[in-house]
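What follows is structure.cif (mmCIF, C-alpha atoms).
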```
data_query
loop_
_atom_site.group_PDB
_atom_site.id
_atom_site.type_symbol
_atom_site.label_atom_id
_atom_site.label_comp_id
_atom_site.auth_asym_id
_atom_site.auth_seq_id
_atom_site.Cartn_x
_atom_site.Cartn_y
_atom_site.Cartn_z
ATOM 1 C CA MET A 36 -43.218 28.275 -50.276
ATOM 2 C CA ILE A 37 -41.477 31.530 -49.467
ATOM 3 C CA LEU A 38 -38.602 32.550 -51.631
ATOM 4 C CA ARG A 39 -35.987 34.638 -49.944
ATOM 5 C CA PRO A 40 -33.449 36.816 -51.684
ATOM 6 C CA PHE A 41 -30.191 34.952 -51.613
ATOM 7 C CA PHE A 42 -28.185 37.615 -49.769
ATOM 8 C CA SER A 43 -30.793 38.912 -47.357
ATOM 9 C CA SER A 44 -30.043 38.990 -43.647
ATOM 10 C CA THR A 45 -32.734 36.439 -42.850
ATOM 11 C CA ALA A 46 -31.095 33.929 -45.112
ATOM 12 C CA ARG A 47 -27.763 34.357 -43.396
ATOM 13 C CA SER A 48 -28.349 31.288 -41.248
ATOM 14 C CA TRP A 49 -27.976 29.111 -44.326
ATOM 15 C CA GLN A 50 -24.352 30.057 -44.413
ATOM 16 C CA SER A 51 -23.744 28.125 -41.225
ATOM 17 C CA PRO A 52 -26.154 25.241 -40.908
ATOM 18 C CA PHE A 53 -24.519 24.196 -37.676
ATOM 19 C CA ALA A 54 -25.702 27.326 -35.916
ATOM 20 C CA GLU A 55 -29.251 26.265 -36.646
ATOM 21 C CA LEU A 56 -28.562 22.758 -35.358
ATOM 22 C CA ASP A 57 -26.999 24.214 -32.281
ATOM 23 C CA ARG A 58 -30.056 26.301 -31.566
ATOM 24 C CA MET A 59 -32.315 23.267 -31.960
ATOM 25 C CA ARG A 60 -30.160 21.259 -29.604
ATOM 26 C CA ARG A 61 -30.332 24.035 -27.021
ATOM 27 C CA ASP A 62 -34.093 24.270 -27.310
ATOM 28 C CA LEU A 63 -34.449 20.542 -26.997
ATOM 29 C CA SER A 64 -32.258 20.248 -23.930
ATOM 30 C CA ARG A 65 -34.178 23.077 -22.317
ATOM 31 C CA LEU A 66 -37.401 21.235 -23.008
ATOM 32 C CA LEU A 67 -35.996 18.041 -21.523
ATOM 33 C CA GLU A 68 -34.898 19.878 -18.425
ATOM 34 C CA GLU A 69 -38.351 21.300 -17.922
ATOM 35 C CA TYR A 70 -40.119 18.012 -18.397
ATOM 36 C CA PRO A 71 -38.088 15.116 -17.028
ATOM 37 C CA SER A 72 -39.434 11.943 -18.537
ATOM 38 C CA GLU A 73 -38.304 9.664 -15.735
ATOM 39 C CA ALA A 74 -40.557 8.877 -12.823
ATOM 40 C CA GLU A 75 -37.516 9.219 -10.578
ATOM 41 C CA LEU A 76 -37.028 12.854 -9.686
ATOM 42 C CA PRO A 77 -34.110 13.244 -7.306
ATOM 43 C CA SER A 78 -34.445 16.346 -5.223
ATOM 44 C CA GLY A 79 -30.730 16.749 -4.721
ATOM 45 C CA VAL A 80 -31.169 16.696 -0.959
ATOM 46 C CA PHE A 81 -29.878 13.798 1.106
ATOM 47 C CA PRO A 82 -31.468 11.431 1.828
ATOM 48 C CA LEU A 83 -33.405 10.463 -1.263
ATOM 49 C CA THR A 84 -36.884 9.371 -0.327
ATOM 50 C CA ASN A 85 -39.649 7.299 -1.817
ATOM 51 C CA ILE A 86 -43.214 7.908 -0.774
ATOM 52 C CA THR A 87 -45.879 5.297 -1.248
ATOM 53 C CA GLU A 88 -49.459 5.009 -0.095
ATOM 54 C CA ASP A 89 -52.162 2.474 0.414
ATOM 55 C CA LYS A 90 -55.704 3.256 1.481
ATOM 56 C CA ASP A 91 -54.828 3.790 5.141
ATOM 57 C CA CYS A 92 -51.290 5.107 5.266
ATOM 58 C CA PHE A 93 -48.474 6.929 3.575
ATOM 59 C CA TYR A 94 -45.056 5.308 3.762
ATOM 60 C CA LEU A 95 -41.881 7.273 3.534
ATOM 61 C CA HIS A 96 -38.716 5.314 2.807
ATOM 62 C CA ALA A 97 -35.156 6.597 2.869
ATOM 63 C CA GLU A 98 -31.884 4.748 2.445
ATOM 64 C CA LEU A 99 -29.648 5.642 5.354
ATOM 65 C CA PRO A 100 -26.932 3.007 5.526
ATOM 66 C CA GLY A 101 -24.745 3.224 8.580
ATOM 67 C CA VAL A 102 -26.939 5.772 10.326
ATOM 68 C CA ARG A 103 -27.939 4.644 13.784
ATOM 69 C CA LYS A 104 -31.515 5.206 14.843
ATOM 70 C CA GLU A 105 -30.349 7.434 17.717
ATOM 71 C CA ASP A 106 -28.876 9.765 15.134
ATOM 72 C CA ILE A 107 -32.115 10.264 13.199
ATOM 73 C CA GLU A 108 -34.593 12.954 14.162
ATOM 74 C CA ILE A 109 -38.094 13.140 12.790
ATOM 75 C CA SER A 110 -40.606 15.851 13.526
ATOM 76 C CA ILE A 111 -43.949 16.703 11.997
ATOM 77 C CA THR A 112 -45.653 20.065 11.912
ATOM 78 C CA GLY A 113 -48.974 20.236 10.135
ATOM 79 C CA ASN A 114 -48.375 18.382 6.912
ATOM 80 C CA SER A 115 -44.649 18.902 6.646
ATOM 81 C CA LEU A 116 -42.155 16.402 7.926
ATOM 82 C CA SER A 117 -38.627 17.237 8.930
ATOM 83 C CA LEU A 118 -36.020 14.515 8.682
ATOM 84 C CA SER A 119 -32.592 15.303 10.017
ATOM 85 C CA GLY A 120 -29.619 13.577 11.499
ATOM 86 C CA GLU A 121 -26.023 12.726 11.102
ATOM 87 C CA ARG A 122 -24.171 9.963 9.411
ATOM 88 C CA LYS A 123 -21.083 9.178 11.426
ATOM 89 C CA ILE A 124 -18.286 7.077 10.128
ATOM 90 C CA SER A 125 -16.128 6.021 13.025
ATOM 91 C CA PRO A 126 -12.412 6.498 12.455
ATOM 92 C CA GLU A 127 -10.492 3.361 11.698
ATOM 93 C CA ASP A 128 -6.929 2.391 12.460
ATOM 94 C CA GLU A 129 -4.767 5.476 11.922
ATOM 95 C CA LYS A 130 -2.093 3.487 10.200
ATOM 96 C CA ALA A 131 -4.552 1.987 7.761
ATOM 97 C CA LYS A 132 -3.939 2.895 4.162
ATOM 98 C CA TYR A 133 -7.041 3.776 2.191
ATOM 99 C CA LEU A 134 -7.456 2.280 -1.238
ATOM 100 C CA ARG A 135 -11.020 3.510 -1.757
ATOM 101 C CA ARG A 136 -12.934 6.153 0.122
ATOM 102 C CA GLU A 137 -16.343 6.684 -1.386
ATOM 103 C CA ARG A 138 -18.620 6.684 1.637
ATOM 104 C CA GLU A 139 -19.428 10.074 3.041
ATOM 105 C CA SER A 140 -20.293 11.217 6.512
ATOM 106 C CA GLY A 141 -21.998 14.348 7.679
ATOM 107 C CA LYS A 142 -25.219 15.945 8.725
ATOM 108 C CA PHE A 143 -28.422 16.003 6.772
ATOM 109 C CA ARG A 144 -31.706 17.807 6.979
ATOM 110 C CA ARG A 145 -34.676 17.569 4.731
ATOM 111 C CA MET A 146 -38.211 18.921 4.752
ATOM 112 C CA ILE A 147 -40.872 16.853 3.063
ATOM 113 C CA LYS A 148 -44.348 18.046 2.256
ATOM 114 C CA LEU A 149 -46.882 15.333 2.971
ATOM 115 C CA PRO A 150 -49.620 14.779 0.409
ATOM 116 C CA SER A 151 -52.464 15.184 2.899
ATOM 117 C CA MET A 152 -53.244 15.463 6.589
ATOM 118 C CA ILE A 153 -52.110 12.603 8.771
ATOM 119 C CA GLU A 154 -52.722 11.385 12.289
ATOM 120 C CA VAL A 155 -49.616 12.709 13.973
ATOM 121 C CA GLU A 156 -50.083 10.675 17.177
ATOM 122 C CA LYS A 157 -50.055 7.392 15.283
ATOM 123 C CA VAL A 158 -46.927 7.923 13.235
ATOM 124 C CA GLU A 159 -44.384 5.131 13.536
ATOM 125 C CA ALA A 160 -40.816 4.901 12.339
ATOM 126 C CA ARG A 161 -38.362 2.048 12.111
ATOM 127 C CA THR A 162 -35.047 1.236 10.528
ATOM 128 C CA GLU A 163 -34.344 -2.056 8.895
ATOM 129 C CA ASN A 164 -31.114 -2.958 7.136
ATOM 130 C CA GLY A 165 -30.223 0.694 6.724
ATOM 131 C CA VAL A 166 -33.588 1.722 5.316
ATOM 132 C CA LEU A 167 -35.753 4.098 7.306
ATOM 133 C CA THR A 168 -39.496 3.634 7.017
ATOM 134 C CA ILE A 169 -41.945 6.138 8.444
ATOM 135 C CA ILE A 170 -45.550 4.993 8.581
ATOM 136 C CA LEU A 171 -47.943 7.911 8.425
ATOM 137 C CA PRO A 172 -51.601 6.971 8.964
ATOM 138 C CA LYS A 173 -53.941 9.173 6.968
ATOM 139 C CA ALA A 174 -56.357 11.384 8.820
ATOM 140 C CA GLU A 175 -59.940 10.134 8.620
ATOM 141 C CA ALA A 176 -60.897 13.020 6.372
ATOM 142 C CA ALA A 177 -58.198 12.102 3.856
ATOM 143 C CA LYS A 178 -59.191 8.456 3.475
ATOM 144 C CA PRO A 179 -61.198 7.420 0.454
ATOM 145 C CA LYS A 180 -64.754 6.527 1.326
ATOM 146 C CA GLN A 181 -67.261 4.269 -0.251
ATOM 147 C CA ILE A 182 -70.589 5.987 -0.416
ATOM 148 C CA ALA A 183 -73.581 3.759 -0.472
ATOM 149 C CA ILE A 184 -76.519 4.960 -2.501
ATOM 150 C CA LYS A 185 -79.729 4.649 -0.617
ATOM 151 C CA ALA A 186 -82.812 3.470 -2.312
ATOM 152 C CA ALA A 187 -85.424 6.144 -2.431
ATOM 153 C CA MET B 65 1.809 -11.522 -12.070
ATOM 154 C CA ALA B 66 5.046 -12.704 -10.631
ATOM 155 C CA GLU B 67 5.802 -9.569 -8.645
ATOM 156 C CA ASN B 68 3.484 -7.954 -6.192
ATOM 157 C CA VAL B 69 3.954 -4.408 -7.455
ATOM 158 C CA ALA B 70 0.564 -2.781 -7.159
ATOM 159 C CA GLN B 71 -0.988 -2.726 -3.711
ATOM 160 C CA ASP B 72 -4.182 -1.218 -5.034
ATOM 161 C CA ILE B 73 -7.366 -3.034 -5.639
ATOM 162 C CA GLN B 74 -8.537 -2.799 -9.183
ATOM 163 C CA VAL B 75 -12.165 -2.266 -9.891
ATOM 164 C CA LYS B 76 -13.549 -4.548 -12.497
ATOM 165 C CA GLN B 77 -15.935 -3.314 -15.085
ATOM 166 C CA LYS B 78 -19.467 -3.452 -13.840
ATOM 167 C CA GLN B 79 -21.325 -6.068 -15.750
ATOM 168 C CA GLU B 80 -24.981 -6.416 -16.405
ATOM 169 C CA VAL B 81 -26.422 -9.595 -15.029
ATOM 170 C CA SER B 82 -28.631 -11.317 -17.541
ATOM 171 C CA PRO B 83 -32.147 -11.094 -16.095
ATOM 172 C CA THR B 84 -33.153 -14.447 -17.528
ATOM 173 C CA ALA B 85 -30.599 -16.268 -15.449
ATOM 174 C CA GLU B 86 -31.643 -14.453 -12.332
ATOM 175 C CA HIS B 87 -34.843 -13.515 -10.608
ATOM 176 C CA ALA B 88 -37.297 -12.304 -13.186
ATOM 177 C CA GLN B 89 -38.014 -9.029 -11.418
ATOM 178 C CA THR B 90 -34.405 -8.042 -10.911
ATOM 179 C CA SER B 91 -33.444 -5.650 -13.622
ATOM 180 C CA VAL B 92 -31.521 -2.744 -12.184
ATOM 181 C CA ILE B 93 -28.006 -3.182 -10.867
ATOM 182 C CA TYR B 94 -26.343 -0.641 -8.595
ATOM 183 C CA THR B 95 -22.741 -0.186 -7.586
ATOM 184 C CA PRO B 96 -22.443 0.014 -3.813
ATOM 185 C CA LEU B 97 -20.195 2.743 -2.436
ATOM 186 C CA VAL B 98 -17.203 1.330 -0.611
ATOM 187 C CA ASP B 99 -14.364 2.212 1.699
ATOM 188 C CA ILE B 100 -11.388 -0.093 1.468
ATOM 189 C CA PHE B 101 -8.377 0.140 3.703
ATOM 190 C CA GLU B 102 -5.549 -2.096 4.721
ATOM 191 C CA ASN B 103 -2.867 -2.505 7.284
ATOM 192 C CA ASP B 104 -0.112 -5.093 7.536
ATOM 193 C CA LYS B 105 -2.438 -7.754 8.804
ATOM 194 C CA GLU B 106 -5.705 -7.337 6.974
ATOM 195 C CA LEU B 107 -7.789 -5.698 4.316
ATOM 196 C CA THR B 108 -11.152 -4.218 5.302
ATOM 197 C CA VAL B 109 -14.029 -3.500 2.953
ATOM 198 C CA LEU B 110 -17.016 -1.406 4.023
ATOM 199 C CA ALA B 111 -19.873 -1.344 1.548
ATOM 200 C CA ASP B 112 -23.162 0.548 1.717
ATOM 201 C CA MET B 113 -25.921 -1.856 0.822
ATOM 202 C CA PRO B 114 -29.142 -0.485 2.283
ATOM 203 C CA GLY B 115 -32.157 -2.757 2.039
ATOM 204 C CA VAL B 116 -30.170 -5.981 1.824
ATOM 205 C CA LYS B 117 -30.875 -8.679 4.378
ATOM 206 C CA PRO B 118 -27.943 -10.796 5.554
ATOM 207 C CA GLU B 119 -29.389 -13.861 3.830
ATOM 208 C CA ASP B 120 -29.629 -12.003 0.503
ATOM 209 C CA LEU B 121 -25.979 -11.039 0.445
ATOM 210 C CA LYS B 122 -23.453 -13.191 -1.315
ATOM 211 C CA ILE B 123 -19.723 -12.742 -0.921
ATOM 212 C CA ASP B 124 -17.431 -14.743 -3.098
ATOM 213 C CA LEU B 125 -13.648 -14.845 -3.227
ATOM 214 C CA ARG B 126 -12.179 -16.893 -5.987
ATOM 215 C CA ASP B 127 -8.811 -16.545 -7.701
ATOM 216 C CA ASP B 128 -8.150 -13.153 -6.035
ATOM 217 C CA VAL B 129 -11.460 -11.821 -7.325
ATOM 218 C CA LEU B 130 -13.828 -10.620 -4.637
ATOM 219 C CA THR B 131 -17.477 -10.384 -5.637
ATOM 220 C CA LEU B 132 -20.236 -8.748 -3.642
ATOM 221 C CA VAL B 133 -23.839 -9.349 -4.662
ATOM 222 C CA GLY B 134 -26.778 -8.163 -2.614
ATOM 223 C CA ASP B 135 -30.450 -8.163 -3.463
ATOM 224 C CA GLU B 136 -32.692 -5.569 -1.931
ATOM 225 C CA ALA B 137 -35.772 -6.893 -0.248
ATOM 226 C CA HIS B 138 -39.084 -5.878 -1.768
ATOM 227 C CA SER B 139 -41.209 -4.553 1.015
ATOM 228 C CA GLU B 140 -44.077 -3.088 -0.986
ATOM 229 C CA LYS B 141 -47.474 -4.511 -0.425
ATOM 230 C CA GLU B 142 -49.807 -5.254 -3.274
ATOM 231 C CA ASP B 143 -52.062 -2.245 -2.948
ATOM 232 C CA GLU B 144 -49.181 0.125 -2.268
ATOM 233 C CA ARG B 145 -48.546 2.677 -4.979
ATOM 234 C CA TYR B 146 -45.754 5.180 -5.510
ATOM 235 C CA LEU B 147 -46.333 8.889 -5.093
ATOM 236 C CA VAL B 148 -42.685 9.934 -5.177
ATOM 237 C CA ARG B 149 -39.816 7.779 -6.337
ATOM 238 C CA GLU B 150 -36.388 9.271 -5.958
ATOM 239 C CA TYR B 151 -34.393 6.068 -5.708
ATOM 240 C CA GLY B 152 -34.818 2.669 -7.209
ATOM 241 C CA SER B 153 -34.053 -0.674 -5.705
ATOM 242 C CA GLY B 154 -32.688 -3.819 -7.192
ATOM 243 C CA ARG B 155 -29.339 -5.472 -6.888
ATOM 244 C CA TYR B 156 -25.959 -4.331 -5.668
ATOM 245 C CA TYR B 157 -23.017 -5.762 -7.492
ATOM 246 C CA ARG B 158 -19.321 -5.037 -7.333
ATOM 247 C CA GLN B 159 -16.165 -6.913 -8.043
ATOM 248 C CA PHE B 160 -12.576 -6.290 -7.002
ATOM 249 C CA THR B 161 -9.266 -7.900 -7.784
ATOM 250 C CA LEU B 162 -7.124 -8.283 -4.699
ATOM 251 C CA SER B 163 -3.382 -8.005 -4.916
ATOM 252 C CA ASP B 164 -2.684 -9.790 -1.650
ATOM 253 C CA LYS B 165 -3.144 -13.414 -0.808
ATOM 254 C CA ILE B 166 -6.001 -13.785 1.629
ATOM 255 C CA ASP B 167 -6.370 -16.343 4.361
ATOM 256 C CA GLN B 168 -9.709 -17.688 3.209
ATOM 257 C CA GLY B 169 -10.482 -19.463 6.454
ATOM 258 C CA LYS B 170 -10.355 -16.309 8.547
ATOM 259 C CA ILE B 171 -12.579 -14.003 6.511
ATOM 260 C CA GLU B 172 -15.201 -12.284 8.603
ATOM 261 C CA ALA B 173 -18.313 -10.522 7.377
ATOM 262 C CA SER B 174 -21.018 -8.643 9.225
ATOM 263 C CA LEU B 175 -23.924 -6.568 8.049
ATOM 264 C CA SER B 176 -25.379 -3.887 10.264
ATOM 265 C CA ASP B 177 -27.633 -0.952 9.383
ATOM 266 C CA GLY B 178 -27.147 -1.737 5.712
ATOM 267 C CA VAL B 179 -23.363 -1.570 5.844
ATOM 268 C CA LEU B 180 -21.272 -4.617 5.110
ATOM 269 C CA ARG B 181 -18.010 -4.943 6.963
ATOM 270 C CA LEU B 182 -15.708 -7.499 5.482
ATOM 271 C CA THR B 183 -12.364 -8.323 7.040
ATOM 272 C CA LEU B 184 -9.916 -10.183 4.872
ATOM 273 C CA PRO B 185 -6.803 -11.280 6.793
ATOM 274 C CA LYS B 186 -3.701 -11.436 4.676
ATOM 275 C CA ALA B 187 -2.109 -14.824 4.398
ATOM 276 C CA GLU B 188 1.299 -15.109 5.944
ATOM 277 C CA ALA B 189 3.849 -14.588 3.246
ATOM 278 C CA ALA B 190 5.916 -17.610 2.538
ATOM 279 C CA LYS B 191 8.747 -17.062 4.974
ATOM 280 C CA PRO B 192 12.221 -18.205 4.020
ATOM 281 C CA ARG B 193 13.152 -21.123 6.193
ATOM 282 C CA GLN B 194 16.620 -21.858 7.321
ATOM 283 C CA ILE B 195 17.460 -25.440 6.824
ATOM 284 C CA THR B 196 20.365 -26.654 8.731
ATOM 285 C CA VAL B 197 22.217 -29.467 7.158
ATOM 286 C CA LYS B 198 23.348 -31.943 9.673
ATOM 287 C CA ALA B 199 26.609 -33.620 9.320
ATOM 288 C CA GLY B 200 26.139 -37.234 8.468
#
```

I'd like the structure from this file rewritten - as C-alpha cells, please.
Amino acid sequence: MILRPFFSSTARSWQSPFAELDRMRRDLSRLLEEYPSEAELPSGVFPLTNITEDKDCFYLHAELPGVRKEDIEISITGNSLSLSGERKISPEDEKAKYLRRERESGKFRRMIKLPSMIEVEKVEARTENGVLTIILPKAEAAKPKQIAIKAA
Amino acid sequence: MAENVAQDIQVKQKQEVSPTAEHAQTSVIYTPLVDIFENDKELTVLADMPGVKPEDLKIDLRDDVLTLVGDEAHSEKEDERYLVREYGSGRYYRQFTLSDKIDQGKIEASLSDGVLRLTLPKAEAAKPRQITVKAG
C-alpha cells in the first residue's frame, strides 16, 4: 500500500470523487465504441445490408420497400459491388392533410466489398416483397474443397 | 369522447408480444415507418413492411383501434450463415387510434414492394334529416 501525503497534488482527485468516476465513464464508453458487442454493425449508409453465404454462393440482402426494380442499379467491378438507385414516393392528393410522414424518399448509393472473388457472369438479383436479394456465385477458386488423401 | 376534437391519430405505446403465445422464433418486434394522410372522404395509411408476404400481414380494426401486424418471411437456408448482419428481421407491429368513424365494409388494402397501402373510407356522418309532419 502506498501512503500519500494528504495535501499532495496527486491526492487532489480525492477531493472530488466524481471527477474520477467521470473519467472512468469516459474510458468505458470509448472502449464500447471501439468494440461494439452486437453482431449488428450498421454502416450508416442506406440501404442496410445483410450478407450470408453457403458453400456455393454469397447472398446480399437489402430492405428496399417501395423501390421499384427499374430504379435499382447494381454493378460489380472486381470484388466490389455498387448498389445505387432512388426511392420515389409518388405525390398524393394535394389537398390531403398529413398526420404522419415518416417515410423518406431520395437517392442512395453504396459500395460493398465482397468477401472473395465471384463469378460475375452468373450473378442474379431479384426483389421480393421489398427485399432485394443478390445471388453471387463464388468463383471456383474460392469454394471450399474436400481433399481426398490417396493411399500410398 | 363525445366531441370529435382531435383529428390526429394517436400512436399507442408499442407493446412487446409475449413470445410464448406466438411463434417460438419470433422475438424481435419492429415499428414500421408510416405515412398517414386524410382528405374529406378517406384516410390513407402507407406502411413500410419489407419482407412481409401478403398472407403474413394482419390488419385489424376494432373499436377505432387499427392494428398492423406483419411477420417477415425467413428465407435463410439451413447451411446459410451470416457474414454481415446490419438489420434484423422479425415482426412489424403498430397500433393507431382513429378519430373518425370508418366504413368497415369499404376498407381496401394492398401490399406491393413491401409497402402496405390501406385506404379507410370515412363513414358518412349522421346527417340531420328533415322530418315533415303531415297534417292528420

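If you look at CA of Ile100 (chain B) and CA of Arg103 (chain A), they are 21.2 Å away from each other.
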
* Asked: Do you have the CA of Asp135 (chain B)-CA of Pro118 (chain B) distance handy?
  ->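 Between CA of Asp135 (chain B) and CA of Pro118 (chain B) the gap works out to 9.7 Å.
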
* Name the residues that the PyMOL selection byres ((chain B and resi 138) around 9) pulls out of this structure, and write them as a ChimeraX atom specification. => /B:115,136-137,139-141,153-154

* **Result set of the PyMOL selection byres ((chain A and resi 135-142) around 12) on the coordinates above, as a PyMOL selection string** => (chain A and resi 80-82+99-102+106-108+118-126+131-134+143-145) or (chain B and resi 71-75+95-102+107-113+160+179)

File of the preceding selection, C-alpha atoms, as a JSON list (two decimals), keeping the file's coordinate frame:
```json
[["chain", "number", "residue", "atom", "x", "y", "z"],
["A", 80, "VAL", "CA", -31.17, 16.70, -0.96],
["A", 81, "PHE", "CA", -29.88, 13.80, 1.11],
["A", 82, "PRO", "CA", -31.47, 11.43, 1.83],
["A", 99, "LEU", "CA", -29.65, 5.64, 5.35],
["A", 100, "PRO", "CA", -26.93, 3.01, 5.53],
["A", 101, "GLY", "CA", -24.74, 3.22, 8.58],
["A", 102, "VAL", "CA", -26.94, 5.77, 10.33],
["A", 106, "ASP", "CA", -28.88, 9.76, 15.13],
["A", 107, "ILE", "CA", -32.12, 10.26, 13.20],
["A", 108, "GLU", "CA", -34.59, 12.95, 14.16],
["A", 118, "LEU", "CA", -36.02, 14.52, 8.68],
["A", 119, "SER", "CA", -32.59, 15.30, 10.02],
["A", 120, "GLY", "CA", -29.62, 13.58, 11.50],
["A", 121, "GLU", "CA", -26.02, 12.73, 11.10],
["A", 122, "ARG", "CA", -24.17, 9.96, 9.41],
["A", 123, "LYS", "CA", -21.08, 9.18, 11.43],
["A", 124, "ILE", "CA", -18.29, 7.08, 10.13],
["A", 125, "SER", "CA", -16.13, 6.02, 13.02],
["A", 126, "PRO", "CA", -12.41, 6.50, 12.46],
["A", 131, "ALA", "CA", -4.55, 1.99, 7.76],
["A", 132, "LYS", "CA", -3.94, 2.90, 4.16],
["A", 133, "TYR", "CA", -7.04, 3.78, 2.19],
["A", 134, "LEU", "CA", -7.46, 2.28, -1.24],
["A", 143, "PHE", "CA", -28.42, 16.00, 6.77],
["A", 144, "ARG", "CA", -31.71, 17.81, 6.98],
["A", 145, "ARG", "CA", -34.68, 17.57, 4.73],
["B", 71, "GLN", "CA", -0.99, -2.73, -3.71],
["B", 72, "ASP", "CA", -4.18, -1.22, -5.03],
["B", 73, "ILE", "CA", -7.37, -3.03, -5.64],
["B", 74, "GLN", "CA", -8.54, -2.80, -9.18],
["B", 75, "VAL", "CA", -12.16, -2.27, -9.89],
["B", 95, "THR", "CA", -22.74, -0.19, -7.59],
["B", 96, "PRO", "CA", -22.44, 0.01, -3.81],
["B", 97, "LEU", "CA", -20.20, 2.74, -2.44],
["B", 98, "VAL", "CA", -17.20, 1.33, -0.61],
["B", 99, "ASP", "CA", -14.36, 2.21, 1.70],
["B", 100, "ILE", "CA", -11.39, -0.09, 1.47],
["B", 101, "PHE", "CA", -8.38, 0.14, 3.70],
["B", 102, "GLU", "CA", -5.55, -2.10, 4.72],
["B", 107, "LEU", "CA", -7.79, -5.70, 4.32],
["B", 108, "THR", "CA", -11.15, -4.22, 5.30],
["B", 109, "VAL", "CA", -14.03, -3.50, 2.95],
["B", 110, "LEU", "CA", -17.02, -1.41, 4.02],
["B", 111, "ALA", "CA", -19.87, -1.34, 1.55],
["B", 112, "ASP", "CA", -23.16, 0.55, 1.72],
["B", 113, "MET", "CA", -25.92, -1.86, 0.82],
["B", 160, "PHE", "CA", -12.58, -6.29, -7.00],
["B", 179, "VAL", "CA", -23.36, -1.57, 5.84]]
```

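We find CA of Leu116 (chain A) and CA of Gly152 (chain B) to be spaced 21.7 Å apart.
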
* To do: Go through the shown structure with the PyMOL selection byres ((chain B and resi 148) around 6) and write out the matching residues as an MDAnalysis selection string.
  => (chainID A and resid 85:86) or (chainID B and resid 146:147 149)

Using 6 Å of padding on each side, determine the axis-aligned box around all atoms of region 123-128 of chain B present in the file and give its centre and edge lengths in Å to one decimal, as lines of an AutoDock Vina configuration file.
```
center_x = -13.9
center_y = -14.8
center_z = -4.3
size_x = 23.6
size_y = 16.2
size_z = 18.8
```

* Residue nearest chain A among B:Gln194, B:Gln168, B:Ser163, B:Thr131 (counting all atoms listed in the file) ->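 Smallest distance to chain A is found for B:Ser163.
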
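Using all atoms listed in the file, the shortest contact distance between Asp167 (chain B) and any of B:Val133, B:Ile93, B:Ala187, B:Leu180 is found at B:Ala187.
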
* **Surrounding residues of Ile123 (chain B) excluding itself and chain neighbours under 6 positions, 10 Å, all atoms listed in the file, as a VMD selection string** => chain B and resid 130 to 134 159 173 182

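Compared by their closest atoms to Met152 (chain A), and using only C-alpha atoms, the residues A:Glu127, A:Glu105, A:Glu98, A:Asp91 rank with A:Asp91 nearest.
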
* **For Lys90 (chain A): contacts at 9 Å, all atoms listed in the file, fewer than 2 positions along chain excluded, given as a ChimeraX atom specification** => /A:88,92-93,173,178-179 /B:143-144

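When only C-alpha atoms are used to compute distances to chain A, the closest of the residues B:Lys165, B:Ala199, B:Gly178, B:Tyr156 turns out to be B:Gly178.
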
* B:Tyr157, B:Arg181, B:Asp120, B:Arg145 ranked by distance to Val92 (chain B), top pick (using all atoms listed in the file) -> B:Tyr157
